[in-house]
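Containing mmCIF, C-alpha atoms: start17.cif.
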data_final
#
loop_
_atom_site.label_atom_id
_atom_site.label_comp_id
_atom_site.auth_asym_id
_atom_site.auth_seq_id
_atom_site.Cartn_x
_atom_site.Cartn_y
_atom_site.Cartn_z
CA MET J 1 3.06 11.98 0.58
CA HIS J 2 1.92 15.17 -1.09
CA ASP J 3 3.93 17.77 -2.96
CA ILE J 4 3.75 21.01 -0.98
CA ARG J 5 4.51 22.98 -4.13
CA PHE J 6 1.36 21.58 -5.75
CA ILE J 7 -0.63 22.55 -2.65
CA ARG J 8 0.76 26.13 -2.72
CA GLU J 9 -0.16 26.50 -6.38
CA ASN J 10 -3.51 24.62 -6.25
CA PRO J 11 -5.00 25.06 -2.76
CA ASP J 12 -8.62 24.85 -3.90
CA ALA J 13 -8.05 21.68 -5.91
CA PHE J 14 -6.24 20.09 -2.98
CA ASP J 15 -9.01 20.96 -0.53
CA ALA J 16 -11.60 19.60 -2.97
CA ALA J 17 -9.66 16.32 -3.14
CA MET J 18 -9.48 16.10 0.64
CA ALA J 19 -13.20 16.91 0.90
CA ALA J 20 -13.85 13.94 -1.40
CA ARG J 21 -11.98 11.88 1.20
CA GLY J 22 -14.22 13.20 3.95
CA LEU J 23 -11.72 15.69 5.40
CA GLU J 24 -11.90 19.37 6.30
CA PRO J 25 -9.91 21.92 4.24
CA GLN J 26 -6.19 21.39 4.74
CA ALA J 27 -4.37 23.70 2.33
CA ALA J 28 -4.34 26.91 4.42
CA ARG J 29 -2.75 25.21 7.42
CA LEU J 30 -0.19 23.40 5.27
CA ILE J 31 0.73 26.58 3.40
CA GLU J 32 1.21 28.42 6.70
CA LEU J 33 3.47 25.66 8.04
CA ASP J 34 5.42 25.77 4.80
CA ARG J 35 5.78 29.57 5.05
CA GLU J 36 7.14 29.31 8.59
CA ARG J 37 9.55 26.57 7.54
CA ARG J 38 10.83 28.53 4.57
CA GLU J 39 11.23 31.71 6.62
CA ALA J 40 13.37 29.84 9.16
CA THR J 41 15.50 28.39 6.35
CA SER J 42 15.89 31.81 4.74
CA ALA J 43 16.86 33.40 8.07
CA ARG J 44 19.50 30.75 8.59
CA GLN J 45 20.97 31.42 5.13
CA GLU J 46 21.09 35.17 5.76
CA LEU J 47 22.85 34.63 9.09
CA GLU J 48 25.37 32.33 7.41
CA THR J 49 26.11 34.96 4.76
CA GLU J 50 26.64 37.60 7.45
CA ARG J 51 28.86 35.27 9.46
CA ASN J 52 31.01 34.48 6.43
CA THR J 53 31.44 38.18 5.66
CA LYS J 54 32.50 39.02 9.20
CA SER J 55 34.79 35.99 9.37
CA LYS J 56 36.73 37.47 6.47
CA LEU J 57 36.90 40.83 8.28
CA ILE J 58 38.34 39.06 11.31
CA GLY J 59 41.26 37.91 9.19
CA GLN J 60 41.78 41.41 7.89
CA ALA J 61 41.70 42.95 11.40
CA LYS J 62 44.20 40.37 12.61
CA ALA J 63 46.52 41.14 9.69
CA LYS J 64 46.36 44.86 10.54
CA GLY J 65 47.00 44.18 14.22
CA ASP J 66 43.72 45.86 15.20
CA GLU J 67 43.01 43.83 18.35
CA ASP J 68 39.88 45.76 19.38
CA GLU J 69 38.26 45.25 15.97
CA PHE J 70 39.37 41.64 15.96
CA ASN J 71 37.74 40.93 19.35
CA ARG J 72 34.58 42.85 18.43
CA LEU J 73 34.12 40.90 15.19
CA ARG J 74 34.85 37.58 16.87
CA THR J 75 32.16 38.26 19.46
CA GLU J 76 29.70 39.11 16.69
CA VAL J 77 30.58 35.92 14.81
CA ASP J 78 30.05 33.84 17.95
CA THR J 79 26.64 35.49 18.39
CA LEU J 80 25.79 34.76 14.76
CA LYS J 81 26.76 31.11 15.21
CA ALA J 82 24.36 30.83 18.16
CA ARG J 83 21.58 32.48 16.14
CA MET J 84 22.29 30.10 13.24
CA GLU J 85 21.86 27.13 15.56
CA GLU J 86 18.51 28.52 16.69
CA ALA J 87 17.45 29.04 13.07
CA ASP J 88 18.60 25.51 12.21
CA GLU J 89 16.45 24.11 15.01
CA ALA J 90 13.45 26.21 13.90
CA ALA J 91 13.86 25.01 10.31
CA ARG J 92 14.22 21.39 11.46
CA LYS J 93 11.08 21.60 13.60
CA GLY J 94 9.27 23.32 10.74
CA ASP J 95 10.20 20.51 8.35
CA GLU J 96 9.15 17.90 10.88
CA LEU J 97 5.80 19.53 11.61
CA LEU J 98 4.96 20.02 7.93
CA ASN J 99 5.94 16.45 7.07
CA GLN J 100 3.87 15.10 9.97
CA HIS J 101 0.79 16.87 8.61
CA LEU J 102 1.46 15.80 5.03
CA ALA J 103 2.11 12.18 6.04
CA ALA J 104 -1.26 11.94 7.79
CA LEU J 105 -3.28 12.88 4.70
CA PRO J 106 -4.55 10.29 2.18
CA ASN J 107 -3.81 10.34 -1.51
CA MET J 108 -5.84 12.56 -3.82
CA PRO J 109 -8.41 10.56 -5.82
CA LEU J 110 -8.32 10.93 -9.58
CA GLU J 111 -10.95 13.31 -10.89
CA ASP J 112 -13.22 10.65 -12.40
CA VAL J 113 -13.33 8.45 -9.29
CA PRO J 114 -16.98 8.38 -8.13
CA ALA J 115 -17.71 10.53 -5.09
CA GLY J 116 -19.17 8.86 -2.02
CA LYS J 117 -18.75 8.15 1.66
CA ASP J 118 -18.77 4.36 1.69
CA GLU J 119 -19.24 1.16 -0.32
CA GLU J 120 -22.82 2.12 -1.16
CA SER J 121 -21.41 4.56 -3.73
CA ASN J 122 -19.09 2.06 -5.42
CA GLU J 123 -19.85 1.37 -9.08
CA GLU J 124 -20.00 -2.04 -10.74
CA VAL J 125 -17.82 -2.04 -13.85
CA ARG J 126 -18.40 -5.58 -15.11
CA GLY J 127 -19.10 -9.10 -13.98
CA TRP J 128 -18.33 -12.65 -14.99
CA GLY J 129 -20.16 -15.92 -14.38
CA ASP J 130 -23.58 -16.60 -12.92
CA PRO J 131 -24.19 -17.65 -9.32
CA ARG J 132 -24.88 -21.36 -9.17
CA ASP J 133 -28.43 -22.57 -8.73
CA PHE J 134 -28.08 -25.37 -6.16
CA SER J 135 -30.45 -28.34 -6.16
CA PHE J 136 -29.71 -28.78 -2.44
CA GLU J 137 -29.14 -26.56 0.58
CA PRO J 138 -25.49 -25.46 0.30
CA LYS J 139 -23.23 -25.53 3.35
CA ASP J 140 -20.90 -22.71 4.29
CA HIS J 141 -17.14 -23.16 3.99
CA VAL J 142 -16.69 -23.79 7.72
CA ALA J 143 -19.09 -26.73 7.76
CA LEU J 144 -17.58 -28.04 4.54
CA GLY J 145 -14.01 -27.73 5.83
CA GLU J 146 -14.84 -29.42 9.10
CA GLY J 147 -16.71 -32.15 7.22
CA LEU J 148 -13.55 -32.78 5.21
CA ASN J 149 -11.61 -33.13 8.48
CA GLY J 150 -9.32 -30.38 7.27
CA LEU J 151 -10.35 -27.21 9.11
CA ASP J 152 -9.94 -26.69 12.87
CA PHE J 153 -10.55 -23.37 14.59
CA GLU J 154 -10.70 -24.72 18.15
CA LYS J 155 -7.15 -26.10 18.21
CA ALA J 156 -5.87 -22.94 16.55
CA ALA J 157 -7.63 -20.79 19.15
CA ALA J 158 -6.17 -22.88 21.97
CA MET J 159 -2.64 -22.03 20.86
CA SER J 160 -3.08 -18.62 19.19
CA GLY J 161 -6.48 -17.15 20.03
CA ALA J 162 -9.34 -16.11 17.78
CA ARG J 163 -9.03 -15.50 14.02
CA PHE J 164 -6.55 -18.29 13.41
CA ALA J 165 -7.15 -21.65 11.71
CA ILE J 166 -5.38 -24.96 11.20
CA LEU J 167 -5.67 -26.50 7.74
CA SER J 168 -4.70 -30.13 7.27
CA GLY J 169 -4.87 -32.93 4.74
CA GLY J 170 -6.66 -32.05 1.53
CA LEU J 171 -7.33 -28.45 2.54
CA ALA J 172 -3.67 -27.82 3.35
CA ARG J 173 -2.81 -29.23 -0.05
CA LEU J 174 -5.49 -27.08 -1.68
CA GLU J 175 -4.00 -23.97 -0.07
CA ARG J 176 -0.54 -24.85 -1.38
CA ALA J 177 -1.94 -25.69 -4.81
CA LEU J 178 -3.76 -22.37 -5.08
CA ALA J 179 -0.63 -20.36 -4.33
CA ALA J 180 1.48 -22.35 -6.81
CA PHE J 181 -1.21 -22.05 -9.48
CA MET J 182 -1.47 -18.28 -9.06
CA LEU J 183 2.30 -17.78 -9.13
CA ASP J 184 2.66 -19.87 -12.26
CA ILE J 185 -0.01 -17.89 -14.10
CA HIS J 186 1.44 -14.52 -13.08
CA THR J 187 5.05 -15.43 -13.83
CA GLN J 188 4.63 -17.60 -16.93
CA GLU J 189 1.73 -15.82 -18.62
CA HIS J 190 1.48 -12.33 -17.14
CA GLY J 191 5.15 -11.37 -17.07
CA TYR J 192 5.62 -10.88 -13.33
CA LEU J 193 8.96 -11.63 -11.66
CA GLU J 194 8.61 -13.95 -8.66
CA VAL J 195 10.21 -12.61 -5.47
CA SER J 196 10.67 -14.16 -2.04
CA PRO J 197 10.83 -11.10 0.25
CA PRO J 198 11.38 -10.63 4.01
CA TYR J 199 8.31 -10.99 6.20
CA LEU J 200 9.68 -8.51 8.77
CA VAL J 201 10.32 -4.87 7.84
CA ARG J 202 11.47 -1.65 9.49
CA ASP J 203 9.40 1.46 10.18
CA GLU J 204 10.59 3.24 7.05
CA ALA J 205 9.32 0.47 4.77
CA LEU J 206 5.80 0.74 6.19
CA PHE J 207 5.99 4.53 6.08
CA GLY J 208 6.90 4.27 2.41
CA THR J 209 3.76 2.33 1.49
CA GLY J 210 1.54 4.35 3.84
CA GLN J 211 0.73 1.98 6.70
CA LEU J 212 2.76 4.07 9.16
CA PRO J 213 2.30 6.22 11.09
CA LYS J 214 -1.48 6.34 10.72
CA PHE J 215 -2.37 2.63 10.82
CA SER J 216 0.02 1.14 13.37
CA GLU J 217 -2.87 -0.41 15.30
CA ASP J 218 -3.61 -2.63 12.29
CA LEU J 219 -0.15 -4.20 12.44
CA PHE J 220 1.76 -6.74 14.52
CA LYS J 221 5.19 -5.78 15.83
CA ALA J 222 8.08 -8.09 16.74
CA ASP J 223 10.78 -6.21 18.67
CA ASP J 224 11.98 -3.37 16.39
CA ARG J 225 10.39 -4.73 13.21
CA TRP J 226 6.88 -5.28 11.89
CA LEU J 227 5.25 -8.35 10.40
CA ILE J 228 4.13 -7.50 6.87
CA PRO J 229 0.39 -6.94 6.38
CA THR J 230 0.87 -7.68 2.67
CA ALA J 231 3.77 -8.37 0.29
CA GLU J 232 3.01 -4.95 -1.22
CA VAL J 233 5.29 -3.52 1.49
CA PRO J 234 8.58 -5.30 0.72
CA LEU J 235 7.95 -5.50 -3.03
CA THR J 236 7.23 -1.79 -3.44
CA ASN J 237 10.16 -0.83 -1.22
CA MET J 238 12.55 -2.60 -3.58
CA VAL J 239 12.82 0.68 -5.54
CA ARG J 240 13.14 3.05 -2.57
CA ASP J 241 15.91 5.67 -2.14
CA ALA J 242 17.25 5.39 -5.68
CA VAL J 243 17.17 7.04 -9.10
CA HIS J 244 16.52 4.36 -11.73
CA GLY J 245 16.95 4.35 -15.48
CA GLU J 246 13.69 4.40 -17.42
CA ALA J 247 14.43 1.23 -19.40
CA GLY J 248 13.39 -1.13 -16.61
CA PHE J 249 9.79 0.02 -16.36
CA PRO J 250 7.13 -1.10 -15.98
CA MET J 251 8.62 -3.40 -13.35
CA ARG J 252 6.22 -6.22 -12.43
CA LEU J 253 6.77 -8.24 -9.25
CA THR J 254 4.80 -11.00 -7.54
CA ALA J 255 5.18 -12.91 -4.29
CA HIS J 256 3.37 -15.50 -2.20
CA THR J 257 3.65 -14.63 1.48
CA PRO J 258 1.79 -14.94 4.73
CA CYS J 259 0.13 -11.68 5.77
CA PHE J 260 -0.43 -10.52 9.34
CA ARG J 261 -3.14 -8.08 10.38
CA SER J 262 -4.52 -7.23 13.78
CA GLU J 263 -7.98 -6.51 12.30
CA ALA J 264 -8.35 -3.60 14.71
CA GLY J 265 -11.87 -2.24 14.64
CA SER J 266 -13.36 -5.41 13.15
CA ALA J 267 -14.84 -6.82 16.35
CA GLY J 268 -18.00 -8.76 15.53
CA ARG J 269 -17.31 -8.82 11.79
CA ASP J 270 -16.75 -12.16 10.03
CA THR J 271 -16.02 -13.93 13.29
CA ARG J 272 -16.88 -17.28 11.70
CA GLY J 273 -14.65 -18.70 9.01
CA LEU J 274 -11.69 -17.73 6.86
CA ILE J 275 -12.81 -14.34 5.58
CA ARG J 276 -11.08 -12.14 8.17
CA MET J 277 -8.00 -13.70 9.79
CA HIS J 278 -4.97 -12.45 11.71
CA GLN J 279 -2.76 -14.62 9.49
CA PHE J 280 -3.53 -15.53 5.90
CA ASP J 281 -1.72 -16.27 2.64
CA LYS J 282 -1.89 -14.07 -0.40
CA VAL J 283 -0.27 -13.83 -3.81
CA GLU J 284 0.49 -10.16 -4.39
CA MET J 285 1.21 -8.25 -7.58
CA VAL J 286 3.17 -4.97 -7.59
CA SER J 287 3.92 -2.80 -10.59
CA ILE J 288 6.30 0.15 -10.73
CA ALA J 289 5.61 2.34 -13.75
CA LYS J 290 6.34 5.64 -15.39
CA PRO J 291 3.60 8.23 -14.72
CA GLU J 292 2.10 8.09 -18.21
CA ASP J 293 1.74 4.29 -18.01
CA SER J 294 0.20 3.77 -14.58
CA GLU J 295 -3.49 3.93 -15.53
CA GLU J 296 -3.01 1.39 -18.32
CA GLU J 297 -0.98 -0.75 -15.92
CA LEU J 298 -3.86 -0.73 -13.42
CA GLU J 299 -6.24 -2.07 -16.05
CA ARG J 300 -3.71 -4.77 -16.96
CA MET J 301 -3.14 -5.75 -13.33
CA THR J 302 -6.88 -6.00 -12.68
CA ALA J 303 -7.26 -8.23 -15.74
CA CYS J 304 -4.49 -10.50 -14.41
CA ALA J 305 -6.38 -10.97 -11.14
CA GLU J 306 -9.63 -11.58 -13.04
CA GLU J 307 -7.97 -14.33 -15.07
CA ILE J 308 -7.22 -16.23 -11.86
CA LEU J 309 -10.89 -16.11 -10.84
CA ARG J 310 -12.13 -17.19 -14.24
CA ARG J 311 -9.83 -20.21 -14.28
CA LEU J 312 -11.02 -21.12 -10.80
CA GLU J 313 -14.58 -20.86 -12.16
CA LEU J 314 -15.66 -18.36 -9.51
CA PRO J 315 -18.41 -15.87 -10.39
CA TYR J 316 -17.19 -12.35 -9.67
CA ARG J 317 -17.78 -8.69 -10.27
CA VAL J 318 -15.41 -5.73 -10.60
CA MET J 319 -16.23 -2.65 -8.52
CA LEU J 320 -14.76 0.83 -8.96
CA LEU J 321 -14.41 2.18 -5.44
CA CYS J 322 -15.69 5.62 -4.52
CA THR J 323 -13.58 8.31 -2.89
CA GLY J 324 -14.66 7.37 0.63
CA ASP J 325 -13.99 3.63 0.27
CA MET J 326 -10.50 3.68 -1.25
CA GLY J 327 -7.41 2.82 0.74
CA PHE J 328 -5.19 5.55 2.19
CA ALA J 329 -2.50 5.42 -0.53
CA ALA J 330 -4.71 4.83 -3.58
CA CYS J 331 -5.85 7.31 -6.22
CA ARG J 332 -7.98 4.70 -8.03
CA THR J 333 -9.02 1.21 -6.90
CA TYR J 334 -10.87 -1.73 -8.38
CA ASP J 335 -12.17 -4.40 -6.01
CA LEU J 336 -12.82 -7.91 -7.31
CA GLU J 337 -15.61 -9.63 -5.40
CA ILE J 338 -16.52 -13.31 -5.64
CA TRP J 339 -19.97 -14.75 -5.06
CA VAL J 340 -20.38 -16.50 -1.69
CA PRO J 341 -23.51 -18.67 -1.95
CA THR J 342 -24.32 -19.06 1.74
CA GLN J 343 -24.01 -15.31 2.31
CA GLN J 344 -25.95 -14.53 -0.87
CA THR J 345 -23.59 -11.69 -1.65
CA TYR J 346 -20.27 -10.84 -3.26
CA ARG J 347 -17.19 -10.56 -1.03
CA GLU J 348 -13.86 -8.93 -1.82
CA ILE J 349 -11.04 -11.24 -2.87
CA SER J 350 -8.73 -8.74 -4.58
CA SER J 351 -8.10 -5.03 -4.48
CA CYS J 352 -6.06 -3.46 -7.31
CA SER J 353 -4.89 0.12 -6.80
CA ASN J 354 -2.96 2.82 -8.58
CA CYS J 355 -1.15 4.93 -5.97
CA GLY J 356 0.29 7.45 -8.44
CA ASP J 357 3.45 9.04 -7.04
CA PHE J 358 2.09 9.05 -3.45
CA GLN J 359 4.18 6.11 -2.20
CA ALA J 360 7.17 6.98 -4.38
CA ARG J 361 7.45 10.38 -2.70
CA ARG J 362 7.42 8.72 0.71
CA MET J 363 10.11 6.27 -0.45
CA ASN J 364 12.08 8.74 -2.61
CA ALA J 365 11.76 6.33 -5.55
CA ARG J 366 12.60 8.11 -8.79
CA PHE J 367 13.67 7.52 -12.37
CA LYS J 368 15.46 9.59 -14.97
CA ARG J 369 14.39 9.71 -18.59
CA GLU J 370 17.07 9.28 -21.22
CA GLY J 371 18.57 12.65 -22.10
CA GLU J 372 16.95 14.42 -19.12
CA LYS J 373 18.80 15.76 -16.07
CA LYS J 374 15.97 16.04 -13.58
CA PRO J 375 14.60 12.79 -12.11
CA GLU J 376 10.87 12.18 -11.70
CA PHE J 377 8.91 10.20 -9.15
CA LEU J 378 7.73 6.76 -10.22
CA HIS J 379 4.14 5.54 -9.93
CA THR J 380 3.38 2.44 -7.85
CA LEU J 381 0.53 -0.05 -8.10
CA ASN J 382 -0.47 -3.08 -6.11
CA GLY J 383 -3.11 -5.79 -6.30
CA SER J 384 -4.03 -9.14 -4.81
CA GLY J 385 -3.56 -11.89 -7.28
CA VAL J 386 -5.39 -13.22 -5.19
CA ALA J 387 -6.03 -13.85 -1.46
CA VAL J 388 -5.52 -17.60 -1.05
CA GLY J 389 -7.86 -18.11 1.90
CA ARG J 390 -10.72 -16.28 0.25
CA ALA J 391 -10.15 -18.23 -2.97
CA MET J 392 -10.51 -21.36 -0.88
CA VAL J 393 -13.78 -20.03 0.54
CA GLY J 394 -14.99 -19.47 -3.01
CA ILE J 395 -14.00 -22.94 -4.20
CA LEU J 396 -15.49 -24.76 -1.21
CA GLU J 397 -18.82 -22.98 -1.40
CA ASN J 398 -19.24 -22.66 -5.17
CA HIS J 399 -17.93 -26.13 -6.10
CA GLN J 400 -19.47 -28.20 -3.30
CA ASN J 401 -21.42 -31.39 -3.90
CA GLU J 402 -24.44 -32.53 -1.96
CA ASP J 403 -22.38 -35.11 -0.04
CA GLY J 404 -19.99 -32.41 1.20
CA SER J 405 -17.19 -33.22 -1.25
CA ILE J 406 -15.63 -30.51 -3.40
CA ALA J 407 -15.18 -30.58 -7.18
CA ILE J 408 -11.68 -29.32 -7.98
CA PRO J 409 -11.67 -26.74 -10.79
CA GLN J 410 -10.12 -28.10 -13.97
CA ALA J 411 -7.22 -25.60 -13.96
CA LEU J 412 -6.26 -26.57 -10.41
CA ARG J 413 -6.21 -30.36 -10.86
CA PRO J 414 -2.59 -30.60 -12.06
CA TYR J 415 -1.57 -28.90 -8.79
CA MET J 416 -3.61 -31.43 -6.82
CA GLY J 417 -1.95 -34.47 -8.38
CA GLY J 418 -4.83 -34.96 -10.81
CA LEU J 419 -7.42 -35.10 -8.02
CA GLU J 420 -10.89 -34.24 -9.34
CA VAL J 421 -12.89 -34.39 -6.11
CA LEU J 422 -11.79 -33.53 -2.59
CA SER J 423 -13.52 -35.82 -0.07
CA ALA J 424 -13.24 -36.52 3.63
CA SER J 425 -10.17 -38.61 4.41
#
The structure given in the file should be rewritten as structure tokens.
Amino acid sequence: MHDIRFIRENPDAFDAAMAARGLEPQAARLIELDRERREATSARQELETERNTKSKLIGQAKAKGDEDEFNRLRTEVDTLKARMEEADEAARKGDELLNQHLAALPNMPLEDVPAGKDEESNEEVRGWGDPRDFSFEPKDHVALGEGLNGLDFEKAAAMSGARFAILSGGLARLERALAAFMLDIHTQEHGYLEVSPPYLVRDEALFGTGQLPKFSEDLFKADDRWLIPTAEVPLTNMVRDAVHGEAGFPMRLTAHTPCFRSEAGSAGRDTRGLIRMHQFDKVEMVSIAKPEDSEEELERMTACAEEILRRLELPYRVMLLCTGDMGFAACRTYDLEIWVPTQQTYREISSCSNCGDFQARRMNARFKREGEKKPEFLHTLNGSGVAVGRAMVGILENHQNEDGSIAIPQALRPYMGGLEVLSAS
């Protein structure tokens, strides 16, 4: 959510930020809505002052026994009450309309975020590892998984439809091992607190992190609650509707959860395999920080995700996303992309974003500095640490042997009971 006061004072800067997001100028309309809202509020206050003054005169007229004056003033007060109700309704509608417009607009990118319409304008920041030079024709992860008797899309489709998979045997164990490995690294070495959050949330939680109201079609709903698209939602909402002391920040949280996404608009994209699923597991990192610390915290969070990929021995690159490719709530985003041999390209496995105070305003999440009276909005950050299914894709394809078996990365072997090679059972 945006600060209307900032927009009033910096309309050109706000319009420039929205233009970088591919939108038409917004400030003039927002300022007009704000003017109408404030005028209605001011009118209501003036009517209340007048009513209070005449209410006192009613008492005086009654004390004097002036019945005509008493009745005249009472009629005027009743009329003022009716006008106050109309002004209240106008102010309420003005607030609602302004907030609807503000809630539909994406976060402002930071000034040094590269400008661009799509991923073609993203900038590579760094890379790690070299793509493997195979001495044989590598198989894709679907063929490998099926060859291991551990991946079944047909049975999953029969019970749930497309974009679901059944993992069994060694692959099911590998999925569990990956999640445990990631959690251990983040909690024991990176200082994140492990959380087991709800998988169902209310509207206000998704509004807080920016998925609602704009992206409802990307979500799954169960009665009056929503299945989480990422653990970012419940983790970030842990600080909502409160004023916190500054001593507890930065607050670093991590969780392993299933994630549920409708993948609306992705028809025909990644229809084969584990890249784009309706249900997938992910280890998420969330940081809540003071404003002056959030950029440094983003660099730290990205490094934490990179460490996972290095220990899994997966070649990757870090991309700074351009203004047109960032998520709705982000002001700066790094994508981590792993090399997928059979696609001969890098694919996203983690996205680490600084959202500034954008989500905190929507959640009313604030903190108060020691010795200060006025609270400030917190900054929120989130990042995949990392997507479990995509990590499995990376391991299967990058660590495959010619016979279809999979070499388990050294760091993961303790989580696989010491197993060094995953073969068909």
* **Residue nearest Glu194 of chain J - candidates J:Ile228, J:Val239, J:Leu110, J:Val283, atoms counted: all atoms listed in the file** =>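 Closest to Glu194 of chain J of all the choices is J:Val283.
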* Got a sec: who's within 9 Å of segment 310-324 of chain J, counting all atoms listed in the file, leaving out chain neighbours fewer than 3 positions off, as a PyMOL selection string? -> chain J and resi 17+20-22+108-110+113-132+302+306-307+327+331-340+346-347+391+394-395+398-399+408-412
* Give me the result of the PyMOL selection byres ((chain J and resi 134) around 12) on this file, residue by residue, as a PyMOL selection string. => chain J and resi 130-133+135-139+341-342+397-402
* To do: Just give me the residues with any atom within 10 Å of (4.5, -8.8, -5.9), file coordinates, counting all atoms listed in the file, written as a ChimeraX atom specification.
  => /J:183,186,192-197,230-236,252-257,282-287,381-385
* Straight-line distance linking atom CA of Asn107 of chain J with atom CA of Phe14 of chain J, stated in Å to one decimal ->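 Spanning atom CA of Asn107 of chain J to atom CA of Phe14 of chain J is a straight-line distance of 10.2 Å.
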* Atom-to-atom span, atom CA of Asp15 of chain J and atom CA of Leu212 of chain J, Å -> 22.8 Å
